[in-house]
file run26.txt (compact mmCIF, C-alpha atoms and all ligand atoms)
# COMPACT_ATOMS: atom_id res chain seq x y z
CA MET A 625 -19.82 6.30 3.56
CA ASN A 626 -23.17 6.76 1.84
CA TYR A 627 -24.08 9.74 -0.17
CA LYS A 628 -26.99 10.58 -2.40
CA ILE A 629 -27.42 13.18 -5.01
CA ASN A 630 -30.43 14.85 -6.51
CA SER A 631 -30.93 15.77 -10.09
CA PHE A 632 -28.89 18.96 -10.40
CA VAL A 633 -26.58 19.63 -7.74
CA LEU A 634 -25.77 18.10 -5.20
CA TYR A 635 -25.22 17.06 -1.88
CA LYS A 636 -23.00 18.77 0.57
CA ILE A 637 -20.71 16.59 2.57
CA PHE A 638 -19.14 17.95 5.69
CA PHE A 639 -16.07 16.09 6.78
CA VAL A 640 -15.96 16.11 10.53
CA ASP A 641 -12.88 14.03 11.02
CA PHE A 642 -9.75 14.59 9.05
CA CYS A 643 -7.66 11.71 10.31
CA CYS A 644 -6.58 13.71 13.36
CA VAL A 645 -5.00 16.46 11.28
CA LYS A 646 -5.99 20.07 11.44
CA ILE A 647 -7.12 21.48 8.13
CA LYS A 648 -6.11 25.12 7.81
CA TYR A 649 -7.09 26.26 4.36
CA ILE A 650 -9.50 23.90 2.66
CA ILE A 651 -13.17 24.10 3.54
CA PRO A 652 -14.30 20.65 4.66
CA GLU A 653 -17.72 21.13 3.07
CA ILE A 654 -17.66 19.52 -0.34
CA GLU A 655 -20.22 20.21 -3.04
CA ILE A 656 -20.98 17.15 -5.09
CA LEU A 657 -22.56 17.80 -8.46
CA GLU A 658 -24.35 14.98 -10.17
CA GLU A 659 -23.06 16.07 -13.55
CA ILE A 660 -21.08 18.99 -14.88
CA HIS A 661 -19.05 19.70 -18.00
CA SER A 662 -15.88 20.53 -16.09
CA THR A 663 -15.36 21.16 -12.39
CA ASN A 664 -12.54 23.60 -13.20
CA ASP A 665 -14.71 25.63 -15.56
CA HIS A 666 -17.64 25.49 -13.17
CA LEU A 667 -15.57 26.77 -10.27
CA MET A 668 -14.09 29.51 -12.45
CA SER A 669 -17.54 30.63 -13.54
CA LEU A 670 -18.66 30.74 -9.91
CA LEU A 671 -15.66 32.93 -9.21
CA LYS A 672 -16.82 35.41 -11.83
CA ASN A 673 -20.34 35.63 -10.50
CA GLU A 674 -20.07 35.27 -6.77
CA LYS A 675 -17.61 35.58 -3.98
CA CYS A 676 -15.96 32.25 -3.33
CA GLU A 677 -13.87 31.63 -0.31
CA GLU A 678 -10.46 30.07 -0.42
CA GLY A 679 -10.63 26.33 0.06
CA LYS A 680 -13.89 25.71 -1.80
CA VAL A 681 -14.08 22.19 -3.22
CA ILE A 682 -16.39 21.03 -6.00
CA MET A 683 -16.61 17.44 -7.07
CA THR A 684 -18.72 15.73 -9.69
CA LEU A 685 -19.75 12.15 -10.26
CA ASN A 686 -19.97 12.66 -14.00
CA GLN A 687 -17.77 15.11 -15.83
CA THR A 688 -18.95 15.37 -19.40
CA ASP A 689 -16.28 17.61 -20.92
CA GLY A 690 -13.28 17.36 -18.62
CA LYS A 691 -10.28 19.45 -19.54
CA GLY A 692 -6.70 18.23 -19.53
CA GLN A 693 -3.38 19.93 -19.98
CA ARG A 694 -2.30 21.32 -23.36
CA GLY A 695 -5.92 21.55 -24.55
CA ASN A 696 -6.50 17.81 -24.14
CA THR A 697 -9.65 16.28 -22.74
CA TRP A 698 -10.02 14.19 -19.60
CA HIS A 699 -12.36 11.19 -19.84
CA SER A 700 -13.71 9.29 -16.91
CA GLU A 701 -16.47 6.73 -16.44
CA PRO A 702 -19.37 8.17 -14.40
CA ASN A 703 -19.49 7.34 -10.68
CA LYS A 704 -16.21 5.48 -10.68
CA ASN A 705 -13.53 8.10 -10.27
CA LEU A 706 -12.61 11.32 -8.55
CA GLN A 707 -12.94 14.56 -10.45
CA PHE A 708 -12.81 17.68 -8.39
CA SER A 709 -11.49 21.21 -8.22
CA ILE A 710 -10.22 23.26 -5.33
CA LEU A 711 -9.94 27.01 -5.11
CA LEU A 712 -6.84 28.45 -3.51
CA LYS A 713 -5.90 32.10 -3.10
CA PRO A 714 -2.17 31.75 -2.61
CA GLU A 715 -0.96 35.34 -3.10
CA ILE A 716 2.46 34.05 -4.06
CA PRO A 717 4.84 35.63 -6.59
CA VAL A 718 4.23 34.56 -10.16
CA GLN A 719 7.77 33.12 -10.26
CA LYS A 720 6.58 30.45 -7.83
CA THR A 721 3.61 29.33 -9.95
CA PHE A 722 4.99 25.86 -10.46
CA TYR A 723 4.80 25.18 -6.72
CA LEU A 724 1.04 24.87 -7.11
CA ASN A 725 1.67 21.96 -9.47
CA ILE A 726 4.17 20.57 -7.01
CA ILE A 727 1.85 20.61 -3.99
CA SER A 728 -1.04 19.06 -5.90
CA SER A 729 1.03 16.25 -7.34
CA LEU A 730 2.60 15.57 -3.94
CA ALA A 731 -0.87 15.36 -2.36
CA VAL A 732 -2.06 12.75 -4.86
CA HIS A 733 1.23 10.91 -4.72
CA LYS A 734 1.18 10.67 -0.91
CA THR A 735 -2.43 9.43 -0.96
CA LEU A 736 -1.42 6.62 -3.30
CA THR A 737 1.65 5.81 -1.22
CA ASP A 738 -0.60 5.36 1.82
CA LEU A 739 -2.48 2.74 -0.20
CA LYS A 740 0.85 1.02 -0.89
CA ILE A 741 0.74 2.02 -4.54
CA SER A 742 4.18 2.83 -5.82
CA ALA A 743 3.61 5.89 -8.01
CA LYS A 744 5.84 8.47 -9.63
CA ILE A 745 5.24 12.05 -10.62
CA LYS A 746 5.85 12.60 -14.31
CA TRP A 747 6.78 16.19 -14.92
CA PRO A 748 4.94 18.45 -14.72
CA ASN A 749 2.19 16.76 -12.76
CA ASP A 750 0.95 13.45 -14.11
CA ILE A 751 0.90 10.59 -11.66
CA LEU A 752 2.08 7.29 -13.07
CA VAL A 753 2.08 3.76 -11.76
CA ASN A 754 4.48 1.57 -13.73
CA GLN A 755 4.28 4.11 -16.53
CA TYR A 756 0.46 3.92 -16.60
CA LYS A 757 -1.32 7.19 -15.86
CA ILE A 758 -3.54 7.06 -12.80
CA SER A 759 -4.08 10.76 -12.22
CA GLY A 760 -3.93 14.06 -14.08
CA ILE A 761 -3.89 17.55 -12.66
CA LEU A 762 -4.81 20.84 -14.27
CA VAL A 763 -3.85 24.05 -12.47
CA GLU A 764 -5.40 27.28 -13.78
CA ASN A 765 -4.21 30.53 -12.24
CA SER A 766 -5.32 34.10 -12.28
CA ILE A 767 -2.47 36.56 -12.00
CA GLN A 768 -2.51 40.24 -11.21
CA LYS A 769 0.57 42.41 -10.86
CA ASN A 770 2.90 39.43 -10.73
CA VAL A 771 0.99 37.77 -7.90
CA ILE A 772 -1.15 34.65 -8.11
CA HIS A 773 -4.44 35.64 -6.58
CA GLN A 774 -6.51 32.62 -7.45
CA SER A 775 -5.66 29.12 -8.43
CA VAL A 776 -8.13 26.45 -9.47
CA ILE A 777 -6.56 23.06 -8.97
CA GLY A 778 -8.42 20.34 -10.85
CA ILE A 779 -7.62 16.74 -10.04
CA GLY A 780 -8.75 13.62 -11.86
CA LEU A 781 -7.89 10.32 -10.21
CA ASN A 782 -8.90 6.92 -11.52
CA VAL A 783 -10.30 5.03 -8.56
CA ASN A 784 -12.71 2.21 -9.38
CA GLN A 785 -12.61 2.14 -13.19
CA THR A 786 -11.24 -1.07 -14.65
CA HIS A 787 -11.55 -0.61 -18.41
CA PHE A 788 -9.84 2.08 -20.40
CA PRO A 789 -9.63 2.65 -24.15
CA ALA A 790 -6.80 0.50 -25.54
CA LYS A 791 -4.83 3.47 -26.82
CA ILE A 792 -4.65 5.03 -23.36
CA LYS A 793 -2.06 3.68 -20.96
CA ALA A 794 -4.10 4.20 -17.81
CA SER A 795 -4.54 2.53 -14.47
CA SER A 796 -6.73 2.95 -11.40
CA ILE A 797 -6.55 2.26 -7.69
CA LEU A 798 -8.80 -0.77 -8.12
CA LEU A 799 -6.54 -2.19 -10.82
CA GLU A 800 -3.51 -1.67 -8.63
CA ILE A 801 -4.72 -3.03 -5.30
CA SER A 802 -7.71 -5.16 -6.34
CA LYS A 803 -9.96 -3.39 -3.89
CA GLU A 804 -12.86 -0.97 -4.46
CA ILE A 805 -12.36 2.26 -2.62
CA GLU A 806 -14.89 4.80 -1.42
CA LEU A 807 -14.43 7.97 -3.44
CA LEU A 808 -14.96 10.29 -0.52
CA ASP A 809 -12.33 8.57 1.60
CA ILE A 810 -9.75 9.20 -1.07
CA LEU A 811 -10.95 12.74 -1.58
CA LYS A 812 -10.53 13.41 2.11
CA GLN A 813 -6.96 12.13 2.08
CA ILE A 814 -5.98 14.19 -0.93
CA ILE A 815 -7.48 17.30 0.59
CA SER A 816 -5.71 16.87 3.88
CA TYR A 817 -2.36 16.32 2.16
CA LEU A 818 -2.93 19.26 -0.14
CA ASP A 819 -3.64 21.41 2.88
CA PHE A 820 -0.46 20.10 4.51
CA TYR A 821 1.77 20.88 1.52
CA TYR A 822 0.02 24.18 0.86
CA ASP A 823 1.06 25.29 4.32
CA PHE A 824 4.72 24.87 3.31
CA LEU A 825 4.04 27.01 0.27
CA LYS A 826 2.37 29.69 2.38
CA GLN A 827 5.44 29.65 4.67
CA SER A 828 7.66 30.00 1.57
CA ASN A 829 9.37 26.73 2.38
CA TYR A 830 10.16 26.05 -1.25
CA ALA A 831 13.22 23.93 -0.52
CA PHE A 832 11.20 21.29 1.32
CA LEU A 833 8.61 21.06 -1.45
CA LEU A 834 11.20 20.85 -4.19
CA LYS A 835 13.06 18.12 -2.32
CA LYS A 836 9.87 16.08 -1.98
CA TYR A 837 9.03 16.64 -5.65
CA TYR A 838 12.46 15.44 -6.78
CA GLU A 839 12.28 12.40 -4.48
CA ASN A 840 9.20 11.24 -6.35
CA LEU A 841 9.91 12.53 -9.84
CA PHE A 842 9.98 10.00 -12.67
CA GLY A 843 13.39 9.90 -14.33
CA TYR A 844 15.11 12.13 -11.79
CA GLN A 845 18.85 11.48 -11.97
CA GLU A 846 18.27 8.40 -14.12
CA ILE A 847 19.14 7.92 -17.75
CA LYS A 848 15.94 7.76 -19.85
CA LYS A 849 14.93 8.31 -23.46
CA TYR A 850 13.36 11.56 -24.65
CA LYS A 851 12.38 13.13 -27.93
CA SER A 852 12.48 16.78 -28.86
CA ASN A 853 12.21 18.39 -32.30
CA GLU A 854 11.95 14.87 -33.77
CA ILE A 855 15.34 13.97 -32.31
CA GLU A 856 15.60 11.10 -29.85
CA PHE A 857 18.19 11.31 -27.14
CA GLU A 858 19.16 9.83 -23.81
CA GLY A 859 19.67 11.93 -20.75
CA GLU A 860 18.88 12.46 -17.11
CA ILE A 861 16.52 14.92 -15.49
CA ILE A 862 18.59 17.11 -13.23
CA GLY A 863 15.86 19.41 -11.99
CA ILE A 864 13.34 22.04 -12.92
CA THR A 865 13.86 25.74 -13.44
CA ASP A 866 12.13 28.41 -11.35
CA GLU A 867 9.49 28.69 -14.07
CA GLY A 868 8.86 24.95 -13.88
CA LYS A 869 10.69 24.00 -17.07
CA LEU A 870 12.33 20.59 -17.19
CA LYS A 871 16.14 20.49 -17.11
CA ILE A 872 17.68 17.49 -18.85
CA LYS A 873 21.37 16.74 -19.15
CA PRO A 874 21.79 14.69 -22.34
CA LYS A 875 24.38 11.90 -22.32
CA THR A 876 26.27 14.03 -24.78
CA GLY A 877 25.96 17.77 -25.01
CA LEU A 878 24.85 20.65 -22.88
CA ILE A 879 22.00 20.86 -20.35
CA GLN A 880 18.73 21.79 -22.03
CA THR A 881 15.49 23.17 -20.62
CA PHE A 882 12.09 22.23 -22.00
CA ASP A 883 8.63 23.64 -21.78
CA ILE A 884 5.67 21.29 -21.67
CA LYS A 885 5.17 20.87 -25.42
CA GLU A 886 8.85 20.70 -26.22
CA VAL A 887 9.80 17.27 -24.94
CA GLU A 888 8.30 13.80 -25.09
CA PHE A 889 9.10 11.01 -22.68
CA LEU A 890 9.92 7.77 -24.48
CA PHE A 891 10.19 5.80 -21.20
C1 LIG B 901 -4.25 16.09 -17.61
O1 LIG B 901 -3.72 15.05 -17.25
O2 LIG B 901 -4.14 16.50 -18.76
C2 LIG B 901 -5.00 16.90 -16.58
C3 LIG B 901 -6.35 16.31 -16.31
C4 LIG B 901 -7.13 17.09 -15.26
C5 LIG B 901 -8.51 16.53 -15.09
C6 LIG B 901 -9.23 17.19 -13.96
S1 LIG B 901 -10.72 16.35 -13.55
C7 LIG B 901 -11.24 17.67 -12.55
C8 LIG B 901 -10.81 18.95 -13.21
N1 LIG B 901 -11.81 19.46 -14.12
C9 LIG B 901 -11.40 19.44 -15.40
O3 LIG B 901 -12.08 19.79 -16.37
N2 LIG B 901 -10.16 18.92 -15.46
C10 LIG B 901 -9.63 18.64 -14.15
call {"tool": "encode", "arguments": {"input": "run26.txt", "output": "structure tokens", "more": "lines below"}}
Ligand code: BTN
result
Amino acid sequence: MNYKINSFVLYKIFFVDFCCVKIKYIIPEIEILEEIHSTNDHLMSLLKNEKCEEGKVIMTLNQTDGKGQRGNTWHSEPNKNLQFSILLKPEIPVQKTFYLNIISSLAVHKTLTDLKISAKIKWPNDILVNQYKISGILVENSIQKNVIHQSVIGIGLNVNQTHFPAKIKASSILLEISKEIELLDILKQIISYLDFYYDFLKQSNYAFLLKKYYENLFGYQEIKKYKSNEIEFEGEIIGITDEGKLKIKPKTGLIQTFDIKEVEFLF
């Protein structure tokens, strides 16, 4: 697929075919920005200033100040990778917030599985291939009266980049399958899977989503090494709490729950 961009914005791509699936929530018209600091921040600023419909997707070919989880940054070589954000208006109870992380990681995971890439979801929502990070997801929600009204789901996926800084354990689709992939084809797949899983969330089918998440969760019901409060221990992930905290049963001792900054995976 060919696409061109002009100096500021953009090009609008309208996906006509969606691999025979019906897209219910996501708008198949994608805005491609030539360059932007962060697609998440850009979408959130649009939300403040204009009415945005559910399902809006913004992608950029060059993200100059990408945001990661826990205040980290997300770096990506221009024109090589996917960086995009999607607006959802889920209207789900705040207790179910973590399901937005679940559906986005499942969508990326399934897209990679289709390419015969054996990936795992590292809690909360990193996507790993052989312990190398291939994708990161940042979900930013706006909550009113215990309901999630708006959710900006930002996804970074390494597609055609082959060199990464030595200190980063990262991979890409090209490194995994030795084939360059058209960015928009991958985008389309992720969107259609996100739409698919989002439908389960809208139908409150939490059990199905949780089952899928556990099936693909790194370390689930396996003994692995972790570190918390400077103490290393072995244990197995036995699940996540309703708030999305990680539940680990250490080899010795009682089950513990961890928030994102409280536990480190030692692989
Ligand atoms: C992480 O692994 O820490 C999350 C990385 C999320 C990166 C994506 S790229 C598109 C969107 N815009 C951002 O600024 N960040 C997310």
call {"tool": "axis_aligned_box", "arguments": {"input": "run26.txt", "around": "ligand LIG 901 (chain B)", "padding_each_side": "6 Å", "output": "AutoDock Vina command-line options"}}
result
--center_x -7.9 --center_y 17.4 --center_z -15.7 --size_x 20.4 --size_y 16.7 --size_z 18.2
call {"tool": "atom_distance", "arguments": {"input": "run26.txt", "atom1": "atom CA of Cys676 of chain A", "atom2": "atom CA of Leu712 of chain A"}}
result
9.9 Å
call {"tool": "residues_near_ligand", "arguments": {"input": "run26.txt", "ligand": "ligand LIG 901 (chain B)", "cutoff": "7 Å", "atoms": "all atoms listed in the file", "output": "PyMOL selection string"}}
result
chain A and resi 662-665+689-694+696-698+707-709+750+759-762+778-780
call {"tool": "residues_around", "arguments": {"input": "run26.txt", "residues": "segment 825-830 of chain A", "least_positions_apart": "4", "cutoff": "9 Å", "atoms": "only C-alpha atoms", "output": "ChimeraX atom specification"}}
result
/A:714-716,720,723-724,727,821,834-835
call {"tool": "closest_atom_pairs", "arguments": {"input": "run26.txt", "of": "segment 791-827 of chain A", "to": "segment 652-659 of chain A", "cutoff": "10 Å", "atoms": "only C-alpha atoms", "output": "Markdown table"}}
result
| residue | atom | partner | partner_atom | distance |
| --- | --- | --- | --- | --- |
| A:Leu808 | CA | A:Ile654 | CA | 9.6 |
| A:Leu811 | CA | A:Ile654 | CA | 9.6 |
| A:Lys812 | CA | A:Pro652 | CA | 8.6 |
| A:Ile815 | CA | A:Pro652 | CA | 8.6 |
| A:Ser816 | CA | A:Pro652 | CA | 9.4 |
call {"tool": "closest_residue", "arguments": {"input": "run26.txt", "among": "A:Ile810, A:Ala743, A:Ile777, A:Leu670", "to": "Tyr822 of chain A", "atoms": "only C-alpha atoms"}}
result
A:Ile777
call {"tool": "residues_around", "arguments": {"input": "run26.txt", "residues": "Lys704 of chain A", "least_positions_apart": "3", "cutoff": "6 Å", "atoms": "all atoms listed in the file", "output": "PDB file with C-alpha atoms, in the frame of the given file"}}
result
ATOM      1  CA  GLU A 701     -16.470   6.730 -16.440  1.00  0.00           C
ATOM      2  CA  ASN A 784     -12.710   2.210  -9.380  1.00  0.00           C
ATOM      3  CA  GLN A 785     -12.610   2.140 -13.190  1.00  0.00           C
TER       4      GLN A 785
END
call {"tool": "residues_near_point", "arguments": {"input": "run26.txt", "point": "(2.0, 7.4, -16.1)", "cutoff": "8 Å", "atoms": "all atoms listed in the file", "output": "ChimeraX atom specification"}}
result
/A:744-746,750-759,793-794
call {"tool": "atom_distance", "arguments": {"input": "run26.txt", "atom1": "atom CA of Tyr850 of chain A", "atom2": "atom CA of Asn782 of chain A"}}
result
26.3 Å
call {"tool": "closest_residue", "arguments": {"input": "run26.txt", "among": "A:Asp809, A:Glu800, A:Glu888, A:Glu764", "to": "Ser742 of chain A", "atoms": "only C-alpha atoms"}}
result
A:Glu800
call {"tool": "atom_distance", "arguments": {"input": "run26.txt", "atom1": "atom CA of Ile801 of chain A", "atom2": "atom CA of Ile650 of chain A"}}
result
28.5 Å
call {"tool": "closest_residue", "arguments": {"input": "run26.txt", "among": "A:Thr786, A:Ser700, A:Gln719, A:Gln813", "to": "Ile767 of chain A", "atoms": "only C-alpha atoms"}}
result
A:Gln719
call {"tool": "closest_residue", "arguments": {"input": "run26.txt", "among": "A:Leu706, A:Val783, A:Val681, A:Ile872", "to": "Leu799 of chain A", "atoms": "only C-alpha atoms"}}
result
A:Val783
call {"tool": "residues_around", "arguments": {"input": "run26.txt", "residues": "Phe891 of chain A", "least_positions_apart": "2", "cutoff": "7 Å", "atoms": "only C-alpha atoms", "output": "PyMOL selection string"}}
result
chain A and resi 848-849+889
call {"tool": "closest_residue", "arguments": {"input": "run26.txt", "among": "A:Lys873, A:Lys885, A:Lys734, A:Lys713", "to": "Ile847 of chain A", "atoms": "only C-alpha atoms"}}
result
A:Lys873
